[in-house]
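Visitor: Handing you a structure now.
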Amino acid sequence: LEDLKVPVKGKNKNEMLRTFRDFLLSCASRSKAVIIIVDEAQNLSDETLEELRLLSNLETERDKLLQIVLVGQTELKERLSADNMKQLSQRVTVKTALRPLNRDEAFDYINYRSMKAGKGLPAFDEDAKNLIFKYSKGIPRLINVVSSRSLMAAYVEGSTDIKKHHVHYAIDHLSEKAGRF
């Protein structure tokens, strides 16, 4: 309610749920959708997931009043398949998983993100991108982390070009063994 800037009169749960329902009805009457997006949903407690399931019950005779989007790591899929999560899982209308990027997609991703962040600079050379892809196996989160650390290594060196040795430096400092990849 706070995030939606809905004034809360009472502090008990029933009053807050009524306030939320009234807010959702008001939005629906104006053809406005309300969506809750939860990132890192695999970290939510079972109790919180159950609360989200209960919120998903808010509806009119014709429409759902609330859309809930759960975004998370592969552990979320495992959690939702547990016996105690069947009711929530049954309410999920779309399930999808992002596959790792292939080499060309990873290169495009690195180029796009570095161009947006640096207005064209810095530039990752081909060997650097190859090493990032090899290390990350195409997983965007790992691409982001290694690229960011590589950028820092290049910055410290005073370079606007990210080379293979910058990526090695980043990987060395990310790995627990601190050995060359």
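Please note that chains go A, B, ... in the order of the structure tokens, that every chain numbers its residues from 1, and that ligands are numbered from 1 in the order shown.
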Residues of region 1-179 of chain A classed as strand (DSSP E) by DSSP on the backbone are to be reported as a list in words.
Guide: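 Assigned to strand (DSSP E), within region 1-179 of chain A: Ile35, Ile36, Ile37, Val38, Gln67, Ile68, Val69, Leu70, Ala123, Phe124, Asp161 and Ile162 of chain A.
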Visitor: Put those residues in a file: N, CA and C atoms, as an mmCIF file, in the first residue's frame.
Guide:
```cif
data_model
loop_
_atom_site.group_PDB
_atom_site.id
_atom_site.type_symbol
_atom_site.label_atom_id
_atom_site.label_comp_id
_atom_site.auth_asym_id
_atom_site.auth_seq_id
_atom_site.Cartn_x
_atom_site.Cartn_y
_atom_site.Cartn_z
ATOM 1 N N ILE A 35 -0.131 -4.397 -11.021
ATOM 2 C CA ILE A 35 0.757 -5.545 -11.135
ATOM 3 C C ILE A 35 1.792 -5.472 -10.027
ATOM 4 N N ILE A 36 1.958 -6.565 -9.325
ATOM 5 C CA ILE A 36 3.029 -6.677 -8.341
ATOM 6 C C ILE A 36 4.112 -7.538 -8.968
ATOM 7 N N ILE A 37 5.320 -6.998 -9.047
ATOM 8 C CA ILE A 37 6.453 -7.750 -9.586
ATOM 9 C C ILE A 37 7.404 -8.024 -8.427
ATOM 10 N N VAL A 38 7.676 -9.290 -8.203
ATOM 11 C CA VAL A 38 8.566 -9.699 -7.120
ATOM 12 C C VAL A 38 9.816 -10.313 -7.729
ATOM 13 N N GLN A 67 -2.493 -8.623 -10.884
ATOM 14 C CA GLN A 67 -1.578 -9.543 -11.561
ATOM 15 C C GLN A 67 -0.310 -9.613 -10.718
ATOM 16 N N ILE A 68 0.189 -10.800 -10.526
ATOM 17 C CA ILE A 68 1.411 -10.984 -9.748
ATOM 18 C C ILE A 68 2.428 -11.681 -10.636
ATOM 19 N N VAL A 69 3.609 -11.088 -10.720
ATOM 20 C CA VAL A 69 4.691 -11.645 -11.517
ATOM 21 C C VAL A 69 5.821 -12.022 -10.559
ATOM 22 N N LEU A 70 6.148 -13.297 -10.541
ATOM 23 C CA LEU A 70 7.257 -13.783 -9.726
ATOM 24 C C LEU A 70 8.454 -14.029 -10.635
ATOM 25 N N ALA A 123 34.895 -0.152 -25.222
ATOM 26 C CA ALA A 123 34.706 -1.231 -26.188
ATOM 27 C C ALA A 123 35.398 -2.496 -25.696
ATOM 28 N N PHE A 124 34.666 -3.595 -25.761
ATOM 29 C CA PHE A 124 35.226 -4.900 -25.419
ATOM 30 C C PHE A 124 35.793 -5.502 -26.701
ATOM 31 N N ASP A 161 39.414 0.642 -23.650
ATOM 32 C CA ASP A 161 39.216 -0.629 -24.343
ATOM 33 C C ASP A 161 39.398 -1.760 -23.341
ATOM 34 N N ILE A 162 38.444 -2.679 -23.327
ATOM 35 C CA ILE A 162 38.520 -3.807 -22.410
ATOM 36 C C ILE A 162 39.122 -4.973 -23.165
#
```
Visitor: Can you tell me which residues surround Ser150 (chain A) at a distance of at most 7 Å, considering only C-alpha atoms, apart from same-chain residues fewer than 6 positions away, and format the answer as a list in words?
Guide: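 The residues that qualify are Ile162, His166, Val167 and Ala170 of chain A.
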Visitor: Just the selected residues (C-alpha atoms), exported as a short mmCIF file (atom, residue, chain, number, x, y, z; two decimals), in the first residue's frame, please.
Guide:
```
data_model
loop_
_atom_site.label_atom_id
_atom_site.label_comp_id
_atom_site.auth_asym_id
_atom_site.auth_seq_id
_atom_site.Cartn_x
_atom_site.Cartn_y
_atom_site.Cartn_z
CA ILE A 162 38.52 -3.81 -22.41
CA HIS A 166 41.09 -7.18 -17.95
CA VAL A 167 38.60 -10.04 -18.11
CA ALA A 170 37.93 -9.80 -13.22
#
```
Visitor: Check the smallest atom-to-atom distance from each of A:Lys163, A:His173, A:Lys13, A:Arg103 to Pro140 (chain A) using only C-alpha atoms, then report the winner.
Guide: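 For Pro140 (chain A), the nearest of the given residues is A:Arg103.
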Visitor: Give me the residues near Leu88 (chain A) as a compact mmCIF listing (two decimals) with N, CA, C and O atoms, in the first residue's frame, where near means some atom within 8 Å (using only C-alpha atoms) and where sequence neighbours in that chain fewer than 2 positions away do not count.
Guide:
```
# COMPACT_ATOMS: atom_id res chain seq x y z
N LEU A 49 4.76 -16.31 0.22
CA LEU A 49 4.19 -16.87 -1.02
C LEU A 49 2.71 -17.17 -0.83
O LEU A 49 1.90 -16.93 -1.73
N GLU A 50 2.34 -17.67 0.33
CA GLU A 50 0.93 -17.94 0.62
C GLU A 50 0.13 -16.64 0.64
O GLU A 50 -0.99 -16.57 0.14
N ARG A 53 -0.55 -15.67 -2.82
CA ARG A 53 -1.61 -16.52 -3.36
C ARG A 53 -2.97 -15.99 -2.93
O ARG A 53 -3.90 -15.89 -3.75
N LEU A 80 7.94 -23.94 -6.25
CA LEU A 80 6.54 -23.96 -6.66
C LEU A 80 6.03 -25.37 -6.95
O LEU A 80 4.83 -25.61 -6.93
N MET A 85 2.99 -25.99 -2.10
CA MET A 85 2.81 -24.83 -2.98
C MET A 85 1.87 -25.14 -4.15
O MET A 85 1.77 -24.36 -5.08
N LYS A 86 1.17 -26.27 -4.11
CA LYS A 86 0.31 -26.67 -5.23
C LYS A 86 -0.74 -25.61 -5.55
O LYS A 86 -0.98 -25.31 -6.71
N GLN A 90 -0.93 -23.75 -9.13
CA GLN A 90 -2.09 -23.89 -10.01
C GLN A 90 -2.60 -22.54 -10.52
O GLN A 90 -3.27 -22.47 -11.54
N ARG A 91 -2.28 -21.47 -9.80
CA ARG A 91 -2.71 -20.14 -10.21
C ARG A 91 -1.75 -19.48 -11.21
O ARG A 91 -2.05 -18.44 -11.76
N VAL A 92 -0.60 -20.09 -11.39
CA VAL A 92 0.38 -19.52 -12.31
C VAL A 92 -0.07 -19.84 -13.73
O VAL A 92 -0.19 -21.00 -14.12
```
Visitor: Could you pull the residues within 10 Å of His165 (chain A), counting only C-alpha atoms, minus those fewer than 3 positions along the same chain, as a list in words?
Guide: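 Near His165 (chain A), the qualifying residues are Asp127, Ala128, Leu131, Ser150, Ala153, Ala154, Ile162, His168, Tyr169, Ala170 and Ile171 of chain A.
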Visitor: What does the distance from CA of Val8 (chain A) to CA of Glu40 (chain A) come to in Å, to one decimal?
Guide: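 Distance between the two atoms: 26.8 Å.
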Visitor: List every residue of region 6-140 of chain A that DSSP, applied to the backbone of this structure, places in alpha helix (DSSP H), and write the result as an MDAnalysis selection string.
Guide: chainID A and resid 13:29 46:55 74:80 86:91 103:118 126:136 140
